[in-house]
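Student: File protein.pdb follows (PDB, C-alpha atoms):
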ATOM      1  CA  ASN A   1     -16.187  -8.613 -16.518
ATOM      2  CA  ILE A   2     -19.036  -7.667 -18.874
ATOM      3  CA  GLU A   3     -20.642 -11.096 -18.604
ATOM      4  CA  TRP A   4     -20.854 -10.811 -14.795
ATOM      5  CA  ILE A   5     -22.295  -7.292 -15.072
ATOM      6  CA  LYS A   6     -25.049  -8.472 -17.405
ATOM      7  CA  LYS A   7     -25.776 -11.554 -15.290
ATOM      8  CA  ASN A   8     -26.241  -9.375 -12.195
ATOM      9  CA  ASN A   9     -28.374  -6.754 -13.965
ATOM     10  CA  ILE A  10     -25.836  -3.967 -13.402
ATOM     11  CA  LYS A  11     -25.778  -0.915 -15.639
ATOM     12  CA  LEU A  12     -22.350   0.074 -16.899
ATOM     13  CA  PHE A  13     -21.688   3.671 -17.888
ATOM     14  CA  HIS A  14     -18.277   4.309 -19.406
ATOM     15  CA  PHE A  15     -17.001   7.833 -19.939
ATOM     16  CA  GLY A  16     -13.623   7.883 -21.648
ATOM     17  CA  ILE A  17     -11.487  10.527 -19.982
ATOM     18  CA  ASP A  18      -7.761  10.825 -20.602
ATOM     19  CA  GLY A  19      -5.537  11.650 -17.653
ATOM     20  CA  ASN A  20      -4.776  15.332 -17.101
ATOM     21  CA  LYS A  21      -1.011  15.109 -16.633
ATOM     22  CA  GLU A  22       0.078  17.782 -19.064
ATOM     23  CA  PRO A  23      -1.121  21.361 -19.567
ATOM     24  CA  PHE A  24      -2.170  20.569 -23.141
ATOM     25  CA  VAL A  25      -4.295  17.543 -22.185
ATOM     26  CA  ASP A  26      -7.732  18.840 -21.283
ATOM     27  CA  ILE A  27     -10.506  16.973 -19.541
ATOM     28  CA  PRO A  28     -13.580  17.416 -21.749
ATOM     29  CA  ASN A  29     -16.243  19.402 -19.876
ATOM     30  CA  GLU A  30     -19.020  17.660 -21.784
ATOM     31  CA  VAL A  31     -17.884  14.205 -20.679
ATOM     32  CA  ILE A  32     -17.889  15.279 -17.024
ATOM     33  CA  ARG A  33     -21.333  16.841 -17.552
ATOM     34  CA  ASP A  34     -22.627  13.574 -19.052
ATOM     35  CA  ALA A  35     -21.231  11.602 -16.107
ATOM     36  CA  LEU A  36     -22.902  14.005 -13.664
ATOM     37  CA  ILE A  37     -26.239  13.616 -15.438
ATOM     38  CA  VAL A  38     -26.001   9.864 -14.801
ATOM     39  CA  LEU A  39     -24.969  10.430 -11.159
ATOM     40  CA  LEU A  40     -27.882  12.780 -10.523
ATOM     41  CA  ASP A  41     -30.498  10.241 -11.614
ATOM     42  CA  THR A  42     -31.528   7.874  -8.807
ATOM     43  CA  ARG A  43     -32.653   5.315 -11.372
ATOM     44  CA  ASN A  44     -28.925   4.645 -11.816
ATOM     45  CA  HIS A  45     -28.297   4.097  -8.090
ATOM     46  CA  PRO A  46     -26.574   2.508  -6.342
ATOM     47  CA  ILE A  47     -23.587   3.664  -8.346
ATOM     48  CA  LEU A  48     -19.825   3.157  -8.241
ATOM     49  CA  ILE A  49     -17.516   5.813  -9.639
ATOM     50  CA  HIS A  50     -14.094   4.540 -10.589
ATOM     51  CA  CYS A  51     -11.198   5.032 -12.963
ATOM     52  CA  ASN A  52      -7.898   3.231 -13.389
ATOM     53  CA  LYS A  53      -6.754   3.921  -9.829
ATOM     54  CA  GLY A  54      -9.727   5.804  -8.390
ATOM     55  CA  LYS A  55      -7.857   9.065  -7.858
ATOM     56  CA  HIS A  56      -7.595  11.570 -10.661
ATOM     57  CA  ARG A  57     -10.469  11.145 -13.083
ATOM     58  CA  THR A  58     -12.697   9.883 -10.296
ATOM     59  CA  GLY A  59     -11.555  12.858  -8.219
ATOM     60  CA  CYS A  60     -12.488  15.267 -11.009
ATOM     61  CA  VAL A  61     -15.960  13.766 -11.405
ATOM     62  CA  VAL A  62     -16.579  13.743  -7.656
ATOM     63  CA  GLY A  63     -15.125  17.239  -7.277
ATOM     64  CA  CYS A  64     -17.515  18.554  -9.920
ATOM     65  CA  LEU A  65     -20.362  16.690  -8.226
ATOM     66  CA  ARG A  66     -19.450  18.457  -4.992
ATOM     67  CA  LYS A  67     -19.685  21.789  -6.826
ATOM     68  CA  VAL A  68     -23.206  20.854  -7.924
ATOM     69  CA  GLN A  69     -23.893  20.103  -4.244
ATOM     70  CA  GLN A  70     -22.559  23.604  -3.455
ATOM     71  CA  TRP A  71     -19.603  22.491  -1.355
ATOM     72  CA  SER A  72     -16.895  25.096  -0.801
ATOM     73  CA  LEU A  73     -13.751  24.753  -2.917
ATOM     74  CA  THR A  74     -11.756  24.263   0.282
ATOM     75  CA  SER A  75     -13.847  21.205   1.195
ATOM     76  CA  ILE A  76     -13.790  19.877  -2.373
ATOM     77  CA  PHE A  77      -9.994  20.122  -2.596
ATOM     78  CA  ASP A  78      -9.571  18.625   0.868
ATOM     79  CA  GLU A  79     -11.580  15.578  -0.185
ATOM     80  CA  TYR A  80      -9.738  15.340  -3.520
ATOM     81  CA  ARG A  81      -6.308  15.476  -1.848
ATOM     82  CA  ARG A  82      -7.353  12.972   0.818
ATOM     83  CA  PHE A  83      -8.035  10.343  -1.843
ATOM     84  CA  ALA A  84      -5.332  11.343  -4.356
ATOM     85  CA  GLY A  85      -2.684  11.420  -1.649
ATOM     86  CA  SER A  86       0.792  12.286  -2.858
ATOM     87  CA  LYS A  87      -0.471  11.941  -6.445
ATOM     88  CA  ALA A  88      -2.763  15.016  -6.248
ATOM     89  CA  ARG A  89      -2.572  17.070  -9.429
ATOM     90  CA  ILE A  90      -2.931  20.826  -9.501
ATOM     91  CA  LEU A  91      -4.411  20.557 -13.019
ATOM     92  CA  ASP A  92      -7.252  18.393 -11.689
ATOM     93  CA  GLN A  93      -7.984  20.919  -8.975
ATOM     94  CA  GLN A  94      -7.868  23.744 -11.518
ATOM     95  CA  PHE A  95     -10.315  21.839 -13.725
ATOM     96  CA  ILE A  96     -12.707  21.386 -10.795
ATOM     97  CA  GLU A  97     -12.452  25.057  -9.861
ATOM     98  CA  LEU A  98     -13.195  26.234 -13.411
ATOM     99  CA  PHE A  99     -15.890  23.654 -14.225
ATOM    100  CA  ASN A 100     -19.101  25.596 -14.692
ATOM    101  CA  LEU A 101     -21.460  23.786 -17.060
ATOM    102  CA  ALA A 102     -25.161  23.626 -16.368
ATOM    103  CA  ILE A 103     -26.151  20.061 -15.501
ATOM    104  CA  PRO A 104     -29.601  19.230 -16.843
ATOM    105  CA  TYR A 105     -31.151  16.529 -14.691
ATOM    106  CA  ASN A 106     -34.582  15.094 -14.067
ATOM    107  CA  GLN A 107     -35.759  16.641 -10.794
ATOM    108  CA  GLN A 108     -38.264  13.832 -10.356
ATOM    109  CA  HIS A 109     -35.336  11.408 -10.019
ATOM    110  CA  GLN A 110     -32.785  13.620  -8.259
ATOM    111  CA  PRO A 111     -31.040  12.188  -5.206
ATOM    112  CA  SER A 112     -32.063  13.415  -1.751
ATOM    113  CA  TRP A 113     -28.494  14.607  -1.129
ATOM    114  CA  LEU A 114     -28.640  17.155  -3.909
TER     115      LEU A 114
END
Can the structure in the file be given as structure tokens, please?
Tutor:
Amino acid sequence: NIEWIKKNNIKLFHFGIDGNKEPFVDIPNEVIRDALIVLLDTRNHPILIHCNKGKHRTGCVVGCLRKVQQWSLTSIFDEYRRFAGSKARILDQQFIELFNLAIPYNQQHQPSWL
């Protein structure tokens, strides 16, 4: 509810990402990069990452965040599959593996966990 968000002084960042169900439906790298820029700025914290069901698009954003944090692909995919459950998508995991954009962020406001 937008009214509730405004009333409680919460910032809303919306990044439109279509689901990656088919080989010809690509997740836009730039949108994930823009989401990561927001995540890597503590002025936006605390922060909630969510999509329609909190599995696929959220999993892609978090998986790419884990790459920025230099997690191994094994650990990234383990976390992704844990939350996606039986709905895990190989295309999401492939996207995470191949994601390799530089993420410009303000080091003065980077989180301690980076």
Student: Care to translate the PyMOL selection byres ((chain A and resi 114) around 8) into actual residues of this file, as an MDAnalysis selection string?
Tutor: chainID A and resid 40 68:69 110:113
Student: Can you sort out the box for range 94-100 of chain A, edges along x, y and z, all listed atoms in, 3 Å on every side, with centre and edge lengths in Å to one decimal, as AutoDock Vina command-line options?
Tutor:
--center_x -13.5 --center_y 23.8 --center_z -12.3 --size_x 17.2 --size_y 10.8 --size_z 10.8
Student: If we count all atoms listed in the file, what is near Arg33 in chain A at a cut-off of 10 Å, once residues fewer than 6 positions away on the same chain are taken out, given as a PyMOL selection string?
Tutor: chain A and resi 39+61+64-65+99-104
Student: May I have the residues within 12 Å of Arg57 in chain A as a VMD selection string, using all atoms listed in the file and disregarding those fewer than 2 positions away in the same chain?
Tutor: chain A and resid 15 to 21 26 to 28 31 to 32 35 49 to 55 59 to 64 80 83 to 84 88 to 89 91 to 93 95 to 96
Student: Quote the spacing between CA of Thr42 in chain A and CA of Gln108 in chain A in Å to one decimal place.
Tutor: 9.1 Å
Student: A:His56, A:Arg43, A:Asn29, A:Gly85: which is nearest Leu98 in chain A, counting only C-alpha atoms?
Tutor: A:Asn29
Student: I'd like to know which of A:Leu12, A:Leu73, A:Ile2, A:Ile90 is closest to Val38 in chain A, using all atoms listed in the file.
Tutor: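 Looking only at the distances to Val38 in chain A, the closest residue turns out to be A:Leu12.
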Student: Please, what distance in Å, to one decimal, runs between CA of Asn1 in chain A and CA of His14 in chain A?
Tutor: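 Straight-line distance from CA of Asn1 in chain A to CA of His14 in chain A works out to 13.4 Å.
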